[in-house]
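*Asks:* Structure file start19.tsv (TSV, C-alpha atoms) right here:
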```tsv
chain	number	residue	atom	x	y	z
A	113	MET	CA	-3.66	8.34	-15.00
A	114	ASP	CA	-6.19	10.14	-17.22
A	115	ILE	CA	-5.31	7.94	-20.18
A	116	ALA	CA	-5.73	4.76	-18.13
A	117	LEU	CA	-9.11	6.03	-16.89
A	118	LEU	CA	-10.32	6.89	-20.39
A	119	LEU	CA	-9.08	3.60	-21.78
A	120	LEU	CA	-10.76	1.48	-19.10
A	121	LEU	CA	-14.01	3.44	-19.33
A	122	CYS	CA	-14.34	3.25	-23.11
A	123	LEU	CA	-13.13	-0.34	-23.35
A	124	SER	CA	-15.58	-1.64	-20.78
A	125	THR	CA	-18.53	0.32	-22.22
A	126	LEU	CA	-17.78	-0.99	-25.70
A	127	PHE	CA	-17.23	-4.50	-24.42
A	128	ALA	CA	-20.52	-4.47	-22.49
A	129	LEU	CA	-22.35	-3.33	-25.63
A	130	LEU	CA	-20.76	-6.03	-27.78
A	131	THR	CA	-21.44	-8.84	-25.31
A	132	GLY	CA	-25.04	-7.79	-24.67
A	133	ARG	CA	-24.61	-6.67	-21.07
A	134	ALA	CA	-25.77	-3.12	-21.65
A	135	ALA	CA	-28.44	-3.17	-18.93
A	136	GLU	CA	-26.16	-4.58	-16.21
A	137	ALA	CA	-23.31	-2.27	-17.14
A	138	GLY	CA	-25.55	0.80	-17.18
A	139	SER	CA	-26.87	0.19	-13.69
A	140	ALA	CA	-23.45	-0.94	-12.44
A	141	VAL	CA	-22.01	2.56	-12.87
A	142	LEU	CA	-24.61	4.04	-10.53
A	143	ASP	CA	-24.41	1.06	-8.16
A	144	GLY	CA	-20.67	1.60	-7.91
A	145	ALA	CA	-21.00	5.27	-7.02
A	146	ARG	CA	-23.61	4.43	-4.38
A	147	ALA	CA	-21.49	1.60	-3.01
A	148	ALA	CA	-18.56	4.02	-2.64
A	149	VAL	CA	-20.49	6.18	-0.20
A	150	SER	CA	-21.76	3.33	1.95
A	151	PHE	CA	-18.27	1.80	1.87
A	152	ALA	CA	-16.68	5.05	3.02
A	153	LEU	CA	-19.21	5.31	5.85
A	154	GLU	CA	-18.56	1.71	6.88
A	155	LEU	CA	-14.83	2.34	6.77
A	156	CYS	CA	-14.90	5.68	8.56
A	157	GLY	CA	-15.18	4.42	12.13
A	158	ALA	CA	-12.25	2.02	11.96
A	159	LEU	CA	-10.16	4.52	10.03
A	160	CYS	CA	-10.77	7.15	12.73
A	161	LEU	CA	-9.84	4.71	15.49
A	162	TRP	CA	-6.56	3.83	13.79
A	163	SER	CA	-5.77	7.45	13.08
A	164	ALA	CA	-6.30	8.05	16.80
A	165	ALA	CA	-3.88	5.22	17.63
A	166	MET	CA	-1.30	6.64	15.20
A	167	GLU	CA	-1.65	10.04	16.85
A	168	LEU	CA	-0.47	8.44	20.11
A	169	LEU	CA	2.62	7.15	18.32
A	170	GLU	CA	3.28	10.54	16.81
A	171	ARG	CA	2.84	12.52	20.03
A	172	GLY	CA	4.87	10.01	22.04
A	173	GLY	CA	7.90	10.66	19.85
A	174	TRP	CA	8.34	6.99	18.94
A	175	SER	CA	9.26	7.85	15.41
A	176	ALA	CA	12.46	9.58	16.58
A	177	ARG	CA	13.43	6.61	18.79
A	178	LEU	CA	12.90	4.13	16.00
A	179	ALA	CA	14.82	6.42	13.66
A	180	SER	CA	17.98	6.22	15.74
A	181	ALA	CA	17.70	2.42	15.95
A	182	LEU	CA	17.51	2.23	12.15
A	183	ARG	CA	20.70	4.17	11.45
A	184	PRO	CA	23.11	1.20	11.22
A	185	LEU	CA	20.86	-0.43	8.63
A	186	LEU	CA	20.64	2.79	6.63
A	187	ARG	CA	24.42	3.20	6.67
A	188	ARG	CA	24.71	-0.14	4.91
A	189	LEU	CA	22.00	0.61	2.34
A	190	PHE	CA	23.14	4.16	1.57
A	191	PRO	CA	26.90	4.27	2.27
A	192	VAL	CA	27.51	7.58	0.46
A	193	SER	CA	24.53	9.76	1.41
A	194	THR	CA	24.53	8.74	5.07
A	195	GLY	CA	27.92	10.43	5.35
A	196	HIS	CA	25.98	13.69	5.29
A	197	GLY	CA	24.24	14.42	8.58
A	198	GLU	CA	21.06	16.00	7.32
A	199	ILE	CA	20.45	13.30	4.69
A	200	LEU	CA	20.93	10.57	7.29
A	201	GLU	CA	18.45	12.29	9.55
A	202	ALA	CA	15.84	12.66	6.78
A	203	LEU	CA	16.37	9.04	5.70
A	204	SER	CA	15.86	7.62	9.15
A	205	GLU	CA	12.80	9.78	9.69
A	206	ASN	CA	11.39	8.56	6.36
A	207	LEU	CA	12.00	4.89	7.11
A	208	SER	CA	10.65	4.98	10.66
A	209	ALA	CA	7.52	6.90	9.64
A	210	ASN	CA	6.97	4.35	6.86
A	211	LEU	CA	7.28	1.45	9.29
A	212	LEU	CA	4.85	3.04	11.73
A	213	GLY	CA	2.41	3.87	8.94
A	214	LEU	CA	2.66	7.64	9.43
A	215	GLY	CA	2.36	8.46	5.73
A	216	ASN	CA	2.01	12.20	6.33
A	217	ALA	CA	5.41	12.32	8.01
A	218	ALA	CA	7.16	9.85	5.70
A	219	THR	CA	6.80	11.70	2.40
A	220	PRO	CA	8.21	15.12	3.40
A	221	ALA	CA	11.21	13.45	5.09
A	222	GLY	CA	11.74	11.20	2.07
A	223	ILE	CA	11.63	14.20	-0.26
A	224	ARG	CA	14.19	16.03	1.86
A	225	ALA	CA	16.49	13.01	1.60
A	226	ALA	CA	15.85	12.75	-2.16
A	227	ARG	CA	16.75	16.41	-2.73
A	228	GLY	CA	19.95	16.00	-0.73
A	229	MET	CA	20.91	12.91	-2.74
A	230	ALA	CA	20.18	14.67	-6.03
A	231	ARG	CA	22.53	17.48	-5.00
A	232	LEU	CA	25.32	14.99	-4.29
A	233	GLY	CA	25.24	13.74	-7.91
A	234	GLY	CA	27.05	10.57	-9.04
A	235	GLU	CA	26.80	7.92	-6.32
A	236	GLY	CA	24.18	10.02	-4.53
A	237	ARG	CA	21.90	9.77	-7.56
A	238	ASP	CA	22.36	6.00	-7.60
A	239	GLU	CA	21.27	5.93	-3.99
A	240	LEU	CA	18.29	8.12	-4.86
A	241	CYS	CA	17.03	5.27	-7.05
A	242	THR	CA	17.45	2.87	-4.11
A	243	LEU	CA	15.52	5.26	-1.84
A	244	VAL	CA	12.61	5.42	-4.28
A	245	VAL	CA	12.57	1.63	-4.72
A	246	LEU	CA	12.45	1.33	-0.92
A	247	ASN	CA	9.52	3.75	-0.78
A	248	THR	CA	7.59	1.99	-3.56
A	249	ALA	CA	7.60	-1.17	-1.47
A	250	SER	CA	5.25	-1.23	1.46
A	251	LEU	CA	7.07	-1.16	4.80
A	252	GLN	CA	4.04	-0.49	6.99
A	253	LEU	CA	4.00	-2.86	9.96
A	254	LEU	CA	0.29	-2.34	10.67
A	255	PRO	CA	-1.78	-2.15	7.47
A	256	THR	CA	-4.69	-0.46	9.24
A	257	THR	CA	-6.64	0.63	6.15
A	258	ILE	CA	-6.96	-2.85	4.72
A	259	ALA	CA	-7.77	-4.25	8.17
A	260	SER	CA	-10.56	-1.66	8.38
A	261	VAL	CA	-11.85	-2.74	4.98
A	262	ARG	CA	-11.85	-6.37	6.10
A	263	ALA	CA	-13.66	-5.42	9.30
A	264	SER	CA	-16.32	-3.51	7.37
A	265	PHE	CA	-17.01	-6.64	5.31
A	266	GLY	CA	-17.41	-8.78	8.41
A	267	ALA	CA	-14.02	-10.52	8.73
A	268	SER	CA	-13.95	-12.74	11.80
A	269	SER	CA	-10.51	-11.42	12.75
A	270	PRO	CA	-9.46	-8.43	10.59
A	271	PHE	CA	-5.80	-8.56	11.62
A	272	ASP	CA	-5.24	-12.28	11.11
A	273	ILE	CA	-3.57	-11.47	7.76
A	274	LEU	CA	-0.69	-9.70	9.56
A	275	PRO	CA	1.90	-12.51	9.35
A	276	ALA	CA	1.15	-12.95	5.64
A	277	VAL	CA	1.49	-9.20	5.03
A	278	TRP	CA	4.83	-9.08	6.87
A	279	ILE	CA	6.34	-12.00	4.97
A	280	SER	CA	5.10	-10.70	1.65
A	281	SER	CA	6.32	-7.14	2.33
A	282	LEU	CA	9.73	-8.40	3.39
A	283	LEU	CA	10.11	-10.58	0.30
A	284	SER	CA	9.08	-7.74	-1.98
A	285	VAL	CA	11.45	-5.22	-0.34
A	286	CYS	CA	14.32	-7.69	-0.70
A	287	ALA	CA	13.38	-8.35	-4.33
A	288	GLY	CA	13.22	-4.63	-5.07
A	289	LEU	CA	16.58	-3.87	-3.45
A	290	GLY	CA	18.15	-6.92	-5.09
A	291	ALA	CA	16.81	-5.95	-8.51
A	292	ALA	CA	18.00	-2.37	-8.01
A	293	ARG	CA	21.51	-3.56	-7.15
A	294	LEU	CA	21.59	-5.91	-10.14
A	295	LEU	CA	20.28	-3.32	-12.61
A	296	ARG	CA	22.68	-0.72	-11.26
A	297	ALA	CA	25.59	-3.06	-11.95
A	298	LEU	CA	24.24	-3.76	-15.45
A	299	CYS	CA	23.80	-0.05	-16.19
A	300	ARG	CA	27.42	0.69	-15.55
B	150	MET	CA	-0.98	-17.01	18.74
B	151	LYS	CA	-4.50	-17.06	17.28
B	152	ALA	CA	-6.02	-15.50	20.39
B	153	LEU	CA	-3.37	-12.76	20.30
B	154	LEU	CA	-4.14	-11.93	16.66
B	155	ASP	CA	-7.88	-11.98	17.34
B	156	LEU	CA	-7.46	-9.61	20.24
B	157	PHE	CA	-4.91	-7.55	18.32
B	158	PRO	CA	-6.85	-4.26	17.95
B	159	ALA	CA	-7.61	-4.11	21.68
B	160	LEU	CA	-4.09	-5.19	22.69
B	161	LEU	CA	-2.50	-2.65	20.39
B	162	LEU	CA	-4.62	0.15	21.83
B	163	CYS	CA	-3.67	-0.90	25.38
B	164	ILE	CA	0.03	-0.96	24.58
B	165	LEU	CA	-0.07	2.35	22.69
B	166	CYS	CA	-2.03	4.08	25.46
B	167	LEU	CA	0.30	2.74	28.18
B	168	CYS	CA	3.43	3.81	26.30
B	169	ALA	CA	2.02	7.21	25.37
B	170	ARG	CA	0.89	7.84	28.95
B	171	GLY	CA	4.36	6.92	30.15
B	172	ARG	CA	5.76	9.63	27.91
B	173	GLY	CA	3.33	12.22	29.21
B	174	VAL	CA	0.89	12.32	26.31
B	175	GLU	CA	-2.64	13.43	27.16
B	176	LEU	CA	-4.52	10.35	25.99
B	177	TYR	CA	-8.04	11.60	25.43
B	178	ALA	CA	-6.96	14.76	23.64
B	179	ALA	CA	-4.56	12.85	21.39
B	180	LEU	CA	-7.10	10.16	20.56
B	181	THR	CA	-9.84	12.61	19.61
B	182	ALA	CA	-7.41	14.73	17.58
B	183	GLY	CA	-6.31	11.59	15.74
B	184	ALA	CA	-9.90	10.51	15.11
B	185	LYS	CA	-10.57	13.92	13.61
B	186	LYS	CA	-7.72	13.30	11.16
B	187	GLY	CA	-9.37	9.99	10.28
B	188	LEU	CA	-12.59	11.82	9.51
B	189	ARG	CA	-10.72	14.19	7.23
B	190	LEU	CA	-8.97	11.23	5.58
B	191	THR	CA	-12.33	9.62	4.83
B	192	ALA	CA	-13.66	12.87	3.38
B	193	GLU	CA	-10.56	13.20	1.21
B	194	LEU	CA	-10.88	9.61	0.05
B	195	LEU	CA	-14.57	9.78	-0.84
B	196	PRO	CA	-14.46	11.73	-4.15
B	197	ALA	CA	-11.81	9.42	-5.60
B	198	LEU	CA	-13.62	6.35	-4.32
B	199	THR	CA	-16.93	7.45	-5.88
B	200	VAL	CA	-15.40	7.83	-9.33
B	201	LEU	CA	-13.29	4.69	-9.09
B	202	PHE	CA	-16.01	2.47	-7.62
B	203	ALA	CA	-18.26	3.48	-10.54
B	204	LEU	CA	-15.46	2.55	-12.94
B	205	ILE	CA	-14.66	-0.75	-11.21
B	206	TRP	CA	-18.31	-1.76	-11.04
B	207	LEU	CA	-18.73	-0.94	-14.75
B	208	LEU	CA	-15.58	-2.89	-15.61
B	209	ARG	CA	-16.77	-5.88	-13.62
B	210	ALA	CA	-20.26	-5.79	-15.21
B	211	SER	CA	-18.78	-5.54	-18.72
B	212	GLY	CA	-17.14	-8.92	-18.23
B	213	LEU	CA	-13.76	-7.65	-19.41
B	214	PRO	CA	-11.74	-8.68	-16.33
B	215	GLU	CA	-13.45	-12.09	-16.49
B	216	LEU	CA	-12.29	-12.51	-20.08
B	217	LEU	CA	-8.80	-11.38	-19.12
B	218	GLY	CA	-8.85	-13.76	-16.17
B	219	ARG	CA	-9.96	-16.63	-18.41
B	220	LEU	CA	-7.26	-15.85	-20.96
B	221	LEU	CA	-4.63	-15.74	-18.24
B	222	ALA	CA	-6.16	-18.65	-16.32
B	223	PRO	CA	-3.63	-21.30	-17.40
B	224	LEU	CA	-0.76	-19.06	-16.34
B	225	LEU	CA	-2.47	-17.85	-13.15
B	226	SER	CA	-3.46	-21.31	-11.96
B	227	ARG	CA	0.06	-22.56	-12.59
B	228	LEU	CA	1.36	-19.65	-10.50
B	229	GLY	CA	-1.34	-20.23	-7.88
B	230	VAL	CA	-2.84	-16.71	-8.11
B	231	PRO	CA	-6.66	-16.33	-7.81
B	232	GLU	CA	-8.19	-15.19	-11.16
B	233	ASP	CA	-10.28	-12.54	-9.38
B	234	THR	CA	-7.20	-10.53	-8.48
B	235	VAL	CA	-6.15	-9.71	-12.07
B	236	LEU	CA	-7.72	-6.26	-12.04
B	237	LEU	CA	-6.24	-5.47	-8.62
B	238	MET	CA	-2.74	-6.44	-9.76
B	239	LEU	CA	-3.05	-4.27	-12.88
B	240	LEU	CA	-4.30	-1.22	-10.97
B	241	ARG	CA	-2.03	-1.48	-7.93
B	242	PRO	CA	1.08	0.29	-9.31
B	243	LEU	CA	-1.03	3.03	-10.96
B	244	SER	CA	-3.59	4.19	-8.44
B	245	GLY	CA	-3.89	3.76	-4.70
B	246	SER	CA	-7.61	4.52	-4.53
B	247	GLY	CA	-8.23	2.39	-7.63
B	248	ALA	CA	-6.51	-0.57	-5.99
B	249	LEU	CA	-8.43	0.02	-2.75
B	250	ALA	CA	-11.68	0.02	-4.74
B	251	ALA	CA	-10.71	-3.15	-6.64
B	252	ALA	CA	-9.64	-4.97	-3.47
B	253	SER	CA	-12.82	-3.92	-1.66
B	254	GLU	CA	-14.90	-5.20	-4.56
B	255	ILE	CA	-13.17	-8.61	-4.32
B	256	ILE	CA	-13.47	-8.72	-0.53
B	257	GLY	CA	-17.15	-7.72	-0.71
B	258	ARG	CA	-18.01	-10.24	-3.43
B	259	SER	CA	-15.98	-13.26	-2.27
B	260	GLY	CA	-16.18	-12.59	1.46
B	261	ALA	CA	-13.54	-11.18	3.83
B	262	ASP	CA	-12.51	-14.65	5.02
B	263	SER	CA	-12.44	-16.31	1.58
B	264	LEU	CA	-9.13	-17.18	-0.06
B	265	ALA	CA	-9.56	-14.58	-2.83
B	266	GLY	CA	-10.62	-11.94	-0.28
B	267	ARG	CA	-7.63	-12.61	1.93
B	268	THR	CA	-5.24	-12.70	-1.02
B	269	ALA	CA	-6.56	-9.33	-2.21
B	270	ALA	CA	-6.11	-7.91	1.30
B	271	VAL	CA	-2.54	-9.18	1.62
B	272	MET	CA	-1.63	-7.94	-1.88
B	273	LEU	CA	-2.97	-4.49	-1.06
B	274	GLY	CA	-1.40	-4.40	2.40
B	275	SER	CA	2.09	-5.36	1.27
B	276	SER	CA	2.49	-3.11	-1.79
B	277	GLU	CA	2.51	0.59	-2.63
B	278	THR	CA	1.38	2.78	-5.54
B	279	THR	CA	4.72	2.31	-7.33
B	280	LEU	CA	4.38	4.72	-10.27
B	281	TYR	CA	2.82	7.48	-8.19
B	282	VAL	CA	5.52	7.31	-5.51
B	283	THR	CA	8.26	7.30	-8.15
B	284	ALA	CA	6.75	10.37	-9.83
B	285	VAL	CA	6.46	12.24	-6.51
B	286	TYR	CA	10.05	11.60	-5.43
B	287	PHE	CA	11.78	12.24	-8.75
B	288	SER	CA	9.84	15.38	-9.54
B	289	ALA	CA	10.42	16.73	-6.01
B	290	ALA	CA	14.15	16.02	-6.32
B	291	GLY	CA	14.23	17.63	-9.77
B	292	VAL	CA	15.73	14.53	-11.39
B	293	LYS	CA	14.35	13.54	-14.81
B	294	ASN	CA	16.03	10.21	-15.48
B	295	THR	CA	14.57	7.48	-13.25
B	296	ARG	CA	17.01	4.89	-14.67
B	297	TRP	CA	16.44	1.44	-13.13
B	298	THR	CA	13.97	2.57	-10.47
B	299	ILE	CA	10.73	1.57	-12.20
B	300	PRO	CA	11.86	-1.89	-13.41
B	301	ALA	CA	13.24	-2.70	-9.96
B	302	ALA	CA	10.09	-1.43	-8.21
B	303	LEU	CA	7.80	-3.37	-10.55
B	304	CYS	CA	9.90	-6.45	-9.91
B	305	ALA	CA	9.23	-5.93	-6.19
B	306	ASP	CA	5.49	-5.65	-6.92
B	307	LEU	CA	5.51	-8.88	-8.90
B	308	VAL	CA	7.27	-10.71	-6.05
B	309	CYS	CA	4.75	-9.17	-3.65
B	310	PHE	CA	1.74	-10.44	-5.64
B	311	LEU	CA	3.13	-13.93	-6.10
B	312	SER	CA	4.24	-14.32	-2.51
B	313	SER	CA	0.90	-12.96	-1.23
B	314	ALA	CA	-0.96	-15.57	-3.28
B	315	TRP	CA	1.33	-18.38	-2.14
B	316	ILE	CA	1.34	-17.49	1.54
B	317	CYS	CA	-2.46	-17.14	1.58
B	318	ARG	CA	-2.85	-20.51	-0.11
B	319	LEU	CA	-0.47	-22.05	2.37
B	320	LEU	CA	-2.24	-20.55	5.40
B	321	TRP	CA	-5.90	-20.56	4.37
B	322	GLY	CA	-6.14	-22.55	1.12
```
Let me see whether you can do it: turn the structure in this file into C-alpha cells.
*Replies:*
Amino acid sequence: MDIALLLLLCLSTLFALLTGRAAEAGSAVLDGARAAVSFALELCGALCLWSAAMELLERGGWSARLASALRPLLRRLFPVSTGHGEILEALSENLSANLLGLGNAATPAGIRAARGMARLGGEGRDELCTLVVLNTASLQLLPTTIASVRASFGASSPFDILPAVWISSLLSVCAGLGAARLLRALCR
Amino acid sequence: MKALLDLFPALLLCILCLCARGRGVELYAALTAGAKKGLRLTAELLPALTVLFALIWLLRASGLPELLGRLLAPLLSRLGVPEDTVLLMLLRPLSGSGALAAASEIIGRSGADSLAGRTAAVMLGSSETTLYVTAVYFSAAGVKNTRWTIPAALCADLVCFLSSAWICRLLWG
C-alpha cells in the first residue's frame, strides 16, 4: 500500500512537471483535500440513513434466518468443512452478513471459519482458498455506499443501478469460483 | 419496474420497519443507534478520503491517467470499457477508500447519470478490495501460502469490470 502510494505520488508529480502542468497539479492537491471534506459531509446523511436501516436488519435477527436458508448451498461449496458444526455456523453467518451488507459482522465470522479450515489442513485449506475468493467478490445485495455517492452527486434515481450491480456481482462470483476450481485442479 | 426502483429507498425503509416491528424491535431507538454508527463510519472514512482525494486529484491533473487511457484506448474501446475508469480499475483491488475516491471523482466529473458515472458506480458496487481481504483472512488464519486465491480473485475482478461496462452500455448506452 505504502509503495503504491509513493509510486503514484512521485510519478504524477514528475509527470506534471515534465508536461508543464505544474500550476494545475499544485492546486489540485489542495483542491482534492478540500473536496474530500465536502464529499464526506454530502455523503454523511445518506450513509447514516442506511446504517440505520441496517441496524433494523441486525436487531431483527434476519441474519440468522438467512444463514439457515443458505446452508444447503454452503454444503455444496464447502463439502469438507461444513461437516464440522462450528465451521458451518461461522460460514453461514459470514455469507448472510455479506449479502445483507453487514460488513462488521461478516469479517469476524469469516475469520472464525478461516481459522477452523486452516486447522483441518489438506482439503480444509483448499476450501479456505475458496472462502477467501468468495469474500473478495462483492455479495452485497444493497450497495448503499455507492448509492449514497450517486445521490450526493444528484443522480435522478440513485438505486437504478441495482439490476446491473446484481448481474455483475453474480457473474464475477461465478468467475471467481470457477477459476478457483480450475486452478485447484491444475495445482494438483 | 422503473417506479419501484425510483421509490426504492422509501419502499425499503417501509419493509424493513414493518418486519423489524413485527419482530419486536424498537424502531426509533434502533434507527437512531444505526445513524450514530453511520456518523462514526463517516468520521473513520474522512482521514483516508482526505489523503486519497488529494492523490487522485493530483494524478488526474498530472494527465497520467489520460495518457494511460489513450495508450489503452484501442483495447478499451474494443472491450467497450469507458477510458475514464482505468484508474478506478487499477486501484480497486488495492484500496477500498482509493477506489471510492476514484469512482466519486468520475461520478462528479461526468455526472451521476452519465454512462461513465454509472459504469464506475456499478464497478465499485459489484467488487471488493481483493488484496486487502485476502491479506486479512490469510493472516488471521495463520496460513502463509495463498496458492491460487489471488489469481482466481483477480479473475473475478476482471469479469466484474467487463460485465459492468457491458451491462451499463446495454442499459444506458
*Asks:* So what do you get for CA of Thr268 in chain B versus CA of Ser312 in chain B, distance-wise?
*Replies:*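 Between CA of Thr268 in chain B and CA of Ser312 in chain B the gap is 9.7 Å.
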*Asks:* Name all residues at most 10 Å from His196 in chain A (count only C-alpha atoms; drop same-chain ones fewer than 3 positions away) and give them as a ChimeraX atom specification.
*Replies:* /A:191-193,199-201,228-229,232
*Asks:* What lies within 9 Å of Leu243 in chain B using only C-alpha atoms, ignoring chain neighbours under 5 positions off, as an mmCIF file with C-alpha atoms, in the frame of the given file?
*Replies:*
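The resulting file, out18.cif, is shown below:
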```
data_model
loop_
_atom_site.group_PDB
_atom_site.id
_atom_site.type_symbol
_atom_site.label_atom_id
_atom_site.label_comp_id
_atom_site.auth_asym_id
_atom_site.auth_seq_id
_atom_site.Cartn_x
_atom_site.Cartn_y
_atom_site.Cartn_z
ATOM 1 C CA MET A 113 -3.660 8.340 -15.000
ATOM 2 C CA ALA A 116 -5.730 4.760 -18.130
ATOM 3 C CA ALA B 248 -6.510 -0.570 -5.990
ATOM 4 C CA THR B 278 1.380 2.780 -5.540
ATOM 5 C CA THR B 279 4.720 2.310 -7.330
ATOM 6 C CA LEU B 280 4.380 4.720 -10.270
ATOM 7 C CA TYR B 281 2.820 7.480 -8.190
#
```
*Asks:* Residues at most 10 Å from range 264-271 of chain A, counting all atoms listed in the file, excluding those fewer than 6 positions away in the same chain, as a PyMOL selection string?
*Replies:* (chain A and resi 151-158+254-256+258+277) or (chain B and resi 151-158+253+256-258+260-263+266-267+270)
*Asks:* To one decimal place, how far is CA of Ser163 in chain A from CA of Ser284 in chain A in Å?
*Replies:* 26.0 Å
*Asks:* Mind checking which residues fall within 12 Å of Ile205 in chain B, counting only C-alpha atoms, ignoring those fewer than 6 positions away in the same chain, and posting them as a ChimeraX atom specification?
*Replies:* /A:117,120-121,124-125,137,140-145,147-148 /B:197-199,211-214,236-237,240,246-255
*Asks:* May I have the residues within 10 Å of range 292-304 of chain B as a PyMOL selection string, using only C-alpha atoms and disregarding those fewer than 2 positions away in the same chain?
*Replies:* (chain A and resi 226-227+230-231+237-238+240-249+284-285+287-296+298-299) or (chain B and resi 242+277+279-280+283-284+286-290+306-309)
*Asks:* Between B:Leu319, B:Leu239, B:Leu162, B:Leu228, which has the minimum distance to chain A (counting all atoms listed in the file)?
*Replies:*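 Among the listed residues, the smallest separation from chain A belongs to B:Leu162.
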*Asks:* Please determine, counting only C-alpha atoms, which residue among B:Ala159, B:Met150, B:Ala305, B:Ala182 has the shortest atom-to-atom distance to Arg171 in chain A.
*Replies:* B:Ala182
*Asks:* Taking into account all atoms listed in the file, which residue in the set A:Leu253, A:Ala165, A:Ala179, A:Cys286 is nearest to Leu274 in chain A?
*Replies:*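 Using all atoms listed in the file, Leu274 in chain A sits closest to A:Leu253.
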*Asks:* Quick check, in Å to one decimal: how far apart do CA of Gly172 in chain A and CA of Ala179 in chain B lie?
*Replies:*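 Pair CA of Gly172 in chain A / CA of Ala179 in chain B returns 9.9 Å.
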*Asks:* Which of these, B:Ile164, B:Leu311, B:Val285, B:Ala169, has the shortest distance to chain A once you count only C-alpha atoms?
*Replies:*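 Looking at the shortest contact to chain A, the residue is B:Ala169.
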*Asks:* Using only C-alpha atoms, which residue out of A:Ala135, A:Leu251, A:Ala176, A:Cys122 lies closest to Ile279 in chain A?
*Replies:* A:Leu251
